[in-house]
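Data file: protein-v6.cif. Format and content: mmCIF, C-alpha atoms.
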data_data
loop_
_atom_site.label_atom_id
_atom_site.label_comp_id
_atom_site.auth_asym_id
_atom_site.auth_seq_id
_atom_site.Cartn_x
_atom_site.Cartn_y
_atom_site.Cartn_z
CA MET A 6 12.93 197.18 44.56
CA THR A 7 13.77 193.96 46.44
CA GLN A 8 16.98 191.95 46.56
CA GLN A 9 17.50 190.03 43.32
CA THR A 10 19.92 187.50 41.89
CA MET A 11 20.68 188.62 38.35
CA PHE A 12 22.81 187.32 35.47
CA LEU A 13 24.34 190.44 33.93
CA LYS A 14 27.37 191.81 32.18
CA ASN A 15 29.50 193.45 34.86
CA THR A 16 29.07 196.90 33.34
CA GLU A 17 25.31 196.38 33.70
CA THR A 18 25.81 195.18 37.28
CA PHE A 19 27.61 198.44 37.99
CA ALA A 20 24.63 200.40 36.63
CA GLU A 21 22.14 198.38 38.67
CA SER A 22 24.23 198.88 41.79
CA LEU A 23 24.39 202.64 41.29
CA ALA A 24 20.63 202.89 40.94
CA ARG A 25 19.89 200.63 43.89
CA CYS A 26 22.24 202.68 46.09
CA GLY A 27 20.39 205.90 45.34
CA VAL A 28 22.37 207.47 42.48
CA LYS A 29 19.70 209.39 40.57
CA PHE A 30 21.66 210.96 37.69
CA HIS A 31 24.19 209.56 35.26
CA PHE A 32 26.00 211.79 32.76
CA ALA A 33 27.94 210.08 29.98
CA TYR A 34 29.13 210.10 26.39
CA PRO A 35 29.20 206.76 24.51
CA ILE A 36 32.57 205.02 24.38
CA THR A 37 33.56 201.36 24.13
CA PRO A 38 33.75 199.39 26.42
CA ALA A 39 31.80 201.54 28.89
CA THR A 40 28.64 202.33 26.90
CA ASP A 41 26.73 199.41 28.41
CA VAL A 42 26.61 201.27 31.73
CA MET A 43 24.86 204.25 30.16
CA LYS A 44 22.49 202.02 28.19
CA ARG A 45 21.48 200.09 31.29
CA MET A 46 21.06 203.27 33.34
CA ALA A 47 18.78 204.65 30.61
CA VAL A 48 16.46 201.68 31.14
CA ILE A 49 16.54 201.88 34.94
CA LEU A 50 16.44 205.70 35.22
CA PRO A 51 14.92 207.01 31.98
CA HIS A 52 14.68 210.55 33.40
CA GLY A 53 18.06 210.44 35.13
CA VAL A 54 20.42 209.75 32.22
CA LEU A 55 21.85 212.57 30.13
CA GLN A 56 23.95 211.81 27.07
CA MET A 57 26.20 214.84 26.86
CA GLU A 58 27.90 216.27 23.77
CA SER A 59 31.37 215.32 25.01
CA GLU A 60 33.28 214.10 28.04
CA LEU A 61 34.17 217.74 28.76
CA ALA A 62 30.46 218.42 29.23
CA VAL A 63 30.10 215.24 31.30
CA SER A 64 32.73 216.28 33.81
CA SER A 65 31.36 219.81 34.05
CA ALA A 66 27.87 218.41 34.73
CA LEU A 67 29.29 216.18 37.46
CA ALA A 68 30.94 219.18 39.10
CA GLY A 69 27.83 221.32 38.85
CA ALA A 70 25.58 218.68 40.35
CA ALA A 71 28.09 217.95 43.13
CA CYS A 72 28.04 221.63 44.15
CA THR A 73 24.44 221.12 45.28
CA GLY A 74 25.33 218.05 47.33
CA MET A 75 23.95 215.66 44.72
CA LEU A 76 26.10 212.56 44.12
CA CYS A 77 26.04 211.73 40.41
CA ALA A 78 27.97 209.22 38.31
CA THR A 79 29.62 208.73 34.94
CA SER A 80 31.12 205.86 32.96
CA SER A 81 33.85 206.21 30.37
CA SER A 82 37.09 204.76 29.03
CA GLY A 83 40.68 205.94 28.63
CA PRO A 84 40.27 208.70 25.99
CA GLY A 85 37.17 210.03 27.73
CA MET A 86 38.84 210.02 31.13
CA THR A 87 41.71 212.01 29.62
CA LEU A 88 39.30 214.76 28.60
CA MET A 89 37.78 214.86 32.08
CA GLN A 90 41.03 215.37 33.98
CA GLU A 91 40.83 219.16 34.29
CA ALA A 92 37.37 218.98 35.86
CA ILE A 93 38.44 216.10 38.12
CA SER A 94 41.38 218.19 39.33
CA PHE A 95 38.95 221.06 39.96
CA MET A 96 36.56 218.79 41.87
CA CYS A 97 39.39 217.57 44.08
CA GLY A 98 40.41 221.15 44.85
CA ALA A 99 36.80 222.17 45.49
CA GLU A 100 36.13 218.95 47.44
CA LEU A 101 33.15 217.85 45.38
CA PRO A 102 32.02 214.20 45.45
CA CYS A 103 31.09 212.02 42.47
CA LEU A 104 31.41 208.43 41.23
CA MET A 105 33.27 207.54 38.01
CA LEU A 106 34.01 204.36 36.09
CA ASP A 107 36.99 203.91 33.78
CA SER A 108 36.54 200.76 31.69
CA MET A 109 40.14 200.66 30.54
CA ARG A 110 41.34 200.01 27.00
CA VAL A 111 44.70 199.39 25.33
CA GLY A 112 47.31 202.00 24.51
CA PRO A 113 47.74 205.78 24.41
CA GLY A 114 45.80 208.16 22.18
CA ASP A 115 42.51 206.63 21.05
CA GLY A 116 43.97 203.20 21.74
CA ASP A 117 42.33 199.91 20.89
CA ILE A 118 38.92 198.91 22.25
CA LEU A 119 40.37 195.71 23.72
CA GLY A 120 40.54 195.75 27.48
CA ALA A 121 43.71 196.40 29.43
CA GLN A 122 44.96 197.92 32.69
CA SER A 123 46.83 200.75 31.01
CA ASP A 124 45.21 203.61 32.96
CA TYR A 125 46.79 202.74 36.31
CA TYR A 126 49.14 205.74 36.30
CA MET A 127 46.41 208.18 35.25
CA SER A 128 44.06 206.77 37.89
CA THR A 129 46.42 206.64 40.85
CA ARG A 130 48.76 209.58 40.23
CA GLY A 131 46.13 212.24 39.60
CA GLY A 132 45.78 212.54 35.84
CA GLY A 133 45.42 216.32 35.83
CA HIS A 134 47.53 219.14 37.25
CA GLY A 135 48.32 219.80 40.88
CA ASP A 136 48.87 217.66 43.96
CA TYR A 137 45.80 215.49 44.39
CA HIS A 138 44.51 211.93 44.43
CA VAL A 139 41.16 210.20 44.06
CA PRO A 140 40.32 206.93 45.78
CA VAL A 141 40.48 204.14 43.19
CA LEU A 142 38.55 200.87 43.60
CA ALA A 143 39.34 197.82 41.45
CA PRO A 144 36.70 195.08 41.77
CA SER A 145 37.49 191.72 40.20
CA ASP A 146 34.00 190.24 39.75
CA GLY A 147 30.33 191.14 39.63
CA GLN A 148 29.56 190.54 43.29
CA GLU A 149 32.49 192.68 44.38
CA ILE A 150 31.19 195.46 42.15
CA VAL A 151 27.90 195.30 44.05
CA ASP A 152 29.68 195.30 47.40
CA LEU A 153 32.01 198.18 46.54
CA VAL A 154 29.47 200.69 45.21
CA PRO A 155 28.20 201.56 48.74
CA GLU A 156 31.85 201.78 49.76
CA GLY A 157 32.49 204.23 46.93
CA ILE A 158 29.57 206.37 48.09
CA ARG A 159 30.92 206.35 51.64
CA LEU A 160 34.36 207.45 50.47
CA ALA A 161 32.90 210.15 48.21
CA TYR A 162 30.81 211.76 50.96
CA THR A 163 33.12 211.14 53.91
CA TYR A 164 36.10 212.74 52.22
CA ARG A 165 34.20 214.98 49.75
CA THR A 166 36.07 213.63 46.76
CA PRO A 167 35.57 212.02 43.36
CA VAL A 168 35.88 208.23 43.57
CA LEU A 169 37.01 206.16 40.60
CA PHE A 170 36.16 202.55 39.80
CA VAL A 171 38.43 200.81 37.28
CA PHE A 172 37.58 197.69 35.25
CA ASP A 173 39.85 195.94 32.80
CA GLY A 174 38.01 195.01 29.62
CA VAL A 175 37.70 191.33 30.53
CA THR A 176 36.08 192.10 33.88
CA ALA A 177 33.82 194.68 32.24
CA GLN A 178 32.54 192.31 29.55
CA THR A 179 32.19 189.19 31.72
CA THR A 180 28.60 188.08 32.27
CA GLU A 181 28.01 186.43 35.63
CA THR A 182 25.66 186.15 38.59
CA ALA A 183 25.48 188.78 41.32
CA VAL A 184 23.05 189.36 44.17
CA LEU A 185 21.75 192.91 43.88
CA PRO A 186 20.64 194.61 47.12
CA GLU A 187 17.32 196.16 47.97
CA TYR A 188 17.04 199.85 47.15
CA HIS A 189 18.68 202.09 49.73
CA ASP A 190 19.48 205.78 49.22
CA TYR A 191 22.92 205.98 50.79
CA SER A 192 23.19 209.66 49.90
CA ALA A 193 20.43 210.44 52.40
CA GLU A 194 22.74 209.29 55.21
CA TYR A 195 25.16 212.17 54.69
CA ASP A 196 24.59 215.75 55.78
CA THR A 197 25.75 218.19 53.09
CA SER A 198 24.17 221.28 54.65
CA SER A 199 27.51 222.74 55.80
CA TRP A 200 28.96 222.92 52.28
CA ALA A 201 26.36 222.39 49.54
CA TYR A 202 25.37 225.35 47.36
CA THR A 203 21.59 225.49 47.67
CA GLY A 204 20.86 229.21 47.91
CA THR A 205 21.38 231.56 50.82
CA LYS A 206 17.98 231.34 52.47
CA ASP A 207 19.23 229.24 55.39
CA HIS A 208 22.91 230.16 55.50
CA PRO A 209 25.31 232.99 54.63
CA LYS A 210 26.77 233.38 51.18
CA ARG A 211 29.30 230.71 50.17
CA ALA A 212 32.12 231.04 47.65
CA LEU A 213 33.57 228.13 45.66
CA ILE A 214 37.27 228.95 45.36
CA THR A 215 40.03 226.53 44.36
CA GLY A 216 42.77 229.13 44.02
CA SER A 217 43.70 232.44 45.55
CA TYR A 218 45.73 235.59 44.92
CA SER A 219 46.84 235.17 48.51
CA HIS A 220 49.77 232.75 48.66
CA ALA A 221 49.00 232.13 52.32
CA ASP A 222 45.42 231.07 51.51
CA GLY A 223 46.65 228.79 48.73
CA TYR A 224 49.08 227.15 51.11
CA VAL A 225 46.33 226.52 53.67
CA MET A 226 44.09 224.93 51.02
CA ASN A 227 46.79 222.58 49.75
CA GLU A 228 47.91 221.60 53.23
CA HIS A 229 44.30 220.78 54.06
CA LEU A 230 44.18 218.47 51.04
CA ARG A 231 47.51 216.91 51.98
CA ALA A 232 46.19 216.09 55.46
CA LYS A 233 43.03 214.58 53.99
CA TYR A 234 45.01 212.34 51.64
CA GLU A 235 47.21 211.19 54.51
CA THR A 236 44.06 210.25 56.45
CA ILE A 237 42.76 208.29 53.47
CA ARG A 238 46.13 206.51 53.15
CA ALA A 239 46.06 205.57 56.81
CA LYS A 240 42.45 204.39 57.01
CA GLU A 241 41.25 203.21 53.61
CA GLN A 242 43.71 200.64 52.24
CA GLN A 243 41.94 197.48 51.12
CA TRP A 244 43.28 194.21 49.74
CA LYS A 245 42.68 190.47 49.65
CA GLU A 246 45.42 187.95 50.28
CA SER A 247 45.73 184.18 50.20
CA ASN A 248 48.35 181.74 51.50
CA THR A 249 50.98 184.37 52.18
CA GLU A 250 52.02 183.13 55.64
CA ASP A 251 54.69 180.68 54.42
CA ALA A 252 54.94 181.67 50.76
CA GLU A 253 58.20 181.52 48.86
CA LEU A 254 56.64 183.49 46.00
CA ILE A 255 53.73 185.92 46.10
CA VAL A 256 51.81 186.96 42.99
CA VAL A 257 50.38 190.50 43.05
CA ALA A 258 47.62 191.37 40.58
CA PHE A 259 44.33 193.27 40.37
CA GLY A 260 41.21 192.91 38.26
CA ILE A 261 40.97 189.79 36.10
CA HIS A 262 44.47 188.54 36.94
CA GLY A 263 43.82 189.05 40.65
CA ARG A 264 40.76 186.87 40.24
CA MET A 265 42.74 184.23 38.35
CA CYS A 266 45.20 184.04 41.24
CA LYS A 267 42.65 182.07 43.27
CA ASP A 268 43.01 179.13 40.89
CA LEU A 269 46.72 179.76 40.38
CA VAL A 270 47.48 179.52 44.09
CA ALA A 271 45.14 176.56 44.66
CA ASN A 272 46.66 174.57 41.79
CA LEU A 273 50.27 175.23 42.81
CA ARG A 274 49.60 174.57 46.50
CA ALA A 275 48.11 171.21 45.49
CA GLN A 276 51.48 170.48 43.88
CA GLY A 277 53.27 171.34 47.12
CA LYS A 278 54.57 174.71 45.92
CA LYS A 279 54.48 177.54 48.43
CA VAL A 280 52.79 180.29 46.44
CA GLY A 281 50.51 183.04 47.75
CA SER A 282 48.73 186.06 46.33
CA ILE A 283 47.89 189.67 47.17
CA ARG A 284 45.11 191.44 45.27
CA PRO A 285 44.89 195.21 45.82
CA VAL A 286 41.25 196.32 46.02
CA THR A 287 42.17 199.98 46.46
CA LEU A 288 44.72 201.00 43.85
CA TRP A 289 44.87 204.36 45.62
CA PRO A 290 45.53 204.38 48.44
CA PHE A 291 47.81 201.52 47.45
CA PRO A 292 47.75 198.83 50.18
CA ASP A 293 51.32 199.26 51.47
CA LYS A 294 50.21 197.59 54.71
CA ALA A 295 49.80 194.29 52.86
CA PHE A 296 53.59 194.23 52.40
CA GLU A 297 54.64 195.28 55.91
CA ASN A 298 54.96 191.78 57.40
CA LEU A 299 56.24 189.65 54.56
CA PRO A 300 57.12 186.08 55.62
CA SER A 301 60.75 185.16 56.20
CA THR A 302 60.29 182.36 53.65
CA LEU A 303 59.58 184.82 50.83
CA LYS A 304 62.13 184.85 48.01
CA LYS A 305 60.35 186.63 45.15
CA ILE A 306 57.29 188.67 44.20
CA LEU A 307 55.70 188.51 40.75
CA VAL A 308 53.48 191.39 39.58
CA VAL A 309 51.09 190.52 36.74
CA GLU A 310 49.46 193.37 34.82
CA MET A 311 47.82 194.05 31.45
CA ASN A 312 50.19 196.94 30.67
CA HIS A 313 53.89 197.67 30.27
CA GLY A 314 54.50 197.86 34.02
CA GLN A 315 52.70 200.41 36.20
CA MET A 316 51.46 198.94 39.48
CA VAL A 317 54.83 197.20 39.73
CA ASP A 318 56.30 200.58 40.75
CA ASP A 319 53.99 200.77 43.78
CA VAL A 320 54.81 197.19 44.75
CA ARG A 321 58.55 197.95 44.59
CA LEU A 322 58.06 201.05 46.74
CA ALA A 323 56.07 199.05 49.29
CA VAL A 324 58.62 196.21 49.38
CA ASN A 325 61.53 198.68 49.55
CA GLY A 326 64.19 196.25 48.34
CA ARG A 327 63.52 193.48 50.85
CA VAL A 328 62.93 190.87 48.11
CA PRO A 329 63.21 190.98 44.30
CA VAL A 330 60.06 192.13 42.47
CA HIS A 331 59.53 190.72 38.97
CA PHE A 332 57.11 191.95 36.30
CA PHE A 333 55.00 189.91 33.88
CA GLY A 334 52.76 191.90 31.55
CA LYS A 335 51.56 192.48 28.03
CA THR A 336 48.91 194.48 26.17
CA GLY A 337 46.94 194.15 22.95
CA GLY A 338 46.54 191.18 20.66
CA ASP A 339 43.56 188.89 20.30
CA MET A 340 43.76 187.92 23.98
CA PRO A 341 44.89 190.98 25.98
CA MET A 342 45.75 189.01 29.10
CA TYR A 343 47.80 186.08 30.24
CA THR A 344 46.12 182.71 30.49
CA LEU A 345 46.29 180.73 33.70
CA ALA A 346 48.73 178.35 32.02
CA GLU A 347 51.06 181.22 31.09
CA MET A 348 50.96 182.65 34.59
CA THR A 349 51.65 179.22 36.05
CA ALA A 350 54.61 178.71 33.73
CA GLU A 351 56.13 182.05 34.77
CA VAL A 352 55.69 181.27 38.47
CA ASN A 353 57.32 177.86 37.99
CA ARG A 354 60.21 179.45 36.08
CA LEU A 355 60.87 181.88 38.93
CA LEU A 356 60.60 179.14 41.56
CA GLU A 357 63.11 177.01 39.67
CA GLU A 358 65.71 179.77 39.19
#
Starting from the file, give its structure as structure tokens.
Amino acid sequence: MTQQTMFLKNTETFAESLARCGVKFHFAYPITPATDVMKRMAVILPHGVLQMESELAVSSALAGAACTGMLCATSSSGPGMTLMQEAISFMCGAELPCLMLDSMRVGPGDGDILGAQSDYYMSTRGGGHGDYHVPVLAPSDGQEIVDLVPEGIRLAYTYRTPVLFVFDGVTAQTTETAVLPEYHDYSAEYDTSSWAYTGTKDHPKRALITGSYSHADGYVMNEHLRAKYETIRAKEQQWKESNTEDAELIVVAFGIHGRMCKDLVANLRAQGKKVGSIRPVTLWPFPDKAFENLPSTLKKILVVEMNHGQMVDDVRLAVNGRVPVHFFGKTGGDMPMYTLAEMTAEVNRLLEE
């Protein structure tokens, strides 16, 4: 399988990237707007795709496969991710790697099938019980999806953890060009012999335990996880920024709005307005470092999201009161995002205040 330039829906690009990076099994249950991943995987890996009876079965299959050292993947949306949270919590406690995609949709409950960014809290706070996190990657276009899949595999194996990709519905359904890599089995680069459950022929018996009747043992386990998450926070923050050095206003957005900020900043800079942008690539760990050295010229930050205000909390924590942080967001409707003109108008309003 050689390098190819392909014109695909971004959900299909995600599937192609998984297969070309060596992911051999994909467990899923159909749900809009993520079903295209499963459909594409079924074409690429006809013997490696299992449509399960529910998302509960999907997450259990992911955990079972991960026990053997096998990195598998799933694709779902908000309601499906909700059902998987108990198993995800278990996999974090057991330190089992996997790759997941949440193609987000609008609202609580079943929600609407229109795309949104409403799962930010569930994704970044640990949607199940207990103290845990999963690394969360938020690509904004097809090529970045391709580039981040190997990164997701590295995070999953290096830290023995589930890794979550999140797409808003617009990014998921956009069809665009991406250069797909040659086939390379990234999983083969990682040695799982010290922890995988493959029988006891070559090693002593192993026990998979995520809790204990010994309070001391439970404390040790949770402190181990705490230390791992602190390492991830320190080493794995990723973001993209533009024109922040002398900015009077910085726009912070991820996904489709983060992508739109390229044109937003270029247009306003052409008008002589000092506007910059920060686009978080990792939603967890949130890129606090991007806000450590804010320019002395900065007067305001504007956070744009397709929800009622979720990432804005992390931006406010990172800024820690140094400048005002404003929120601009909405969900639902025929167009579940702000247009470039609406974003520009809001930036101009804040600059003129």
### Task
For the structure shown, which residues end up in the PyMOL selection byres ((chain A and resi 330-334) around 7)? Put them as an NGL selection string, please?
:A and (305-314 or 317 or 321 or 328-329 or 335)
### Given all atoms listed in the file as the counted atoms, nearest of A:His52, A:Lys279, A:Lys44, A:Lys245 to Thr79 (chain A)
A:Lys44
### Message
Env of region 343-349 of chain A: 8 Å cut, atoms = only C-alpha atoms, seq-sep filter 4 positions within chain, self excluded. Answer as a ChimeraX atom specification.
### Response
/A:262,265,269,273,334-335,353
### Picked residues, the PyMOL selection byres ((chain A and resi 282) around 6), as a PyMOL selection string
chain A and resi 246-247+255-257+281+283
### Task
Name the residues that the PyMOL selection byres ((chain A and resi 299) around 12) picks from the file above, as a VMD selection string, using the file's chain letters and numbers.
chain A and resid 246 248 to 255 281 to 283 293 to 298 300 to 306 323 to 325 327 to 328
Any chance you could work out the axis-aligned box around region 239-249 of chain A, listed atoms only, 6 Å on each side, giving centre and edge lengths in Å to one decimal, as AutoDock Vina command-line options?
--center_x 46.1 --center_y 193.7 --center_z 53.3 --size_x 21.7 --size_y 35.8 --size_z 19.4
### Shell of 12 Å around Thr336 (chain A), only C-alpha atoms, local chain residues under 3 positions omitted, as a list in words
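Listed by chain and then number, they are Met109, Arg110, Val111, Gly112, Pro113, Gly116, Asp117, Ile118, Leu119, Gly120, Ala121, Gln122, Ser123, Asp124, Asp173, Gly174, Val309, Glu310, Met311, Asn312, His313, Gly314, Phe333, Asp339, Met340, Pro341, Met342 and Tyr343 of chain A.
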Could those selected residues go to a file with C-alpha atoms, as a tab-separated table (two decimals), in the frame of the given file?
chain	number	residue	atom	x	y	z
A	109	MET	CA	40.14	200.66	30.54
A	110	ARG	CA	41.34	200.01	27.00
A	111	VAL	CA	44.70	199.39	25.33
A	112	GLY	CA	47.31	202.00	24.51
A	113	PRO	CA	47.74	205.78	24.41
A	116	GLY	CA	43.97	203.20	21.74
A	117	ASP	CA	42.33	199.91	20.89
A	118	ILE	CA	38.92	198.91	22.25
A	119	LEU	CA	40.37	195.71	23.72
A	120	GLY	CA	40.54	195.75	27.48
A	121	ALA	CA	43.71	196.40	29.43
A	122	GLN	CA	44.96	197.92	32.69
A	123	SER	CA	46.83	200.75	31.01
A	124	ASP	CA	45.21	203.61	32.96
A	173	ASP	CA	39.85	195.94	32.80
A	174	GLY	CA	38.01	195.01	29.62
A	309	VAL	CA	51.09	190.52	36.74
A	310	GLU	CA	49.46	193.37	34.82
A	311	MET	CA	47.82	194.05	31.45
A	312	ASN	CA	50.19	196.94	30.67
A	313	HIS	CA	53.89	197.67	30.27
A	314	GLY	CA	54.50	197.86	34.02
A	333	PHE	CA	55.00	189.91	33.88
A	339	ASP	CA	43.56	188.89	20.30
A	340	MET	CA	43.76	187.92	23.98
A	341	PRO	CA	44.89	190.98	25.98
A	342	MET	CA	45.75	189.01	29.10
A	343	TYR	CA	47.80	186.08	30.24
Sort by chain and increasing residue number a table of all residues of region 71-126 of chain A within 9 Å of region 220-239 of chain A, each with its closest pair of atoms and their distance in Å to one decimal, counting all atoms listed in the file, and write it as CSV.
residue,atom,partner,partner_atom,distance
A:Cys97,CA,A:Leu230,CA,8.5
A:Gly98,CA,A:Leu230,CA,7.7
A:Glu100,CA,A:Leu230,CA,8.8
### Query
Hey, can you check how far CA of Ala161 (chain A) sits from CA of Ser199 (chain A)?
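Separation between CA of Ala161 (chain A) and CA of Ser199 (chain A): 15.7 Å.
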### Task
Measure the distance from CA of Thr73 (chain A) to CA of Tyr218 (chain A) in Å and round it to one decimal.
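It comes out at 25.7 Å.
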### Message
Applying 10 Å and all atoms listed in the file, which residues near Cys103 (chain A) remain after dropping the ones on its own chain fewer than 3 positions away? List them as JSON, numbers by chain.
### Response
{"A": [28, 64, 67, 68, 70, 71, 74, 75, 76, 77, 78, 79, 93, 96, 100, 157, 158, 160, 161, 162, 165, 166, 167, 168, 169]}
### Message
Using only C-alpha atoms for the distances, tell me which of A:Lys14, A:Leu101, A:Gln315, A:Ala24 is nearest to Val175 (chain A).
### Response
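Of the candidates, the smallest distance to Val175 (chain A) is held by A:Lys14.
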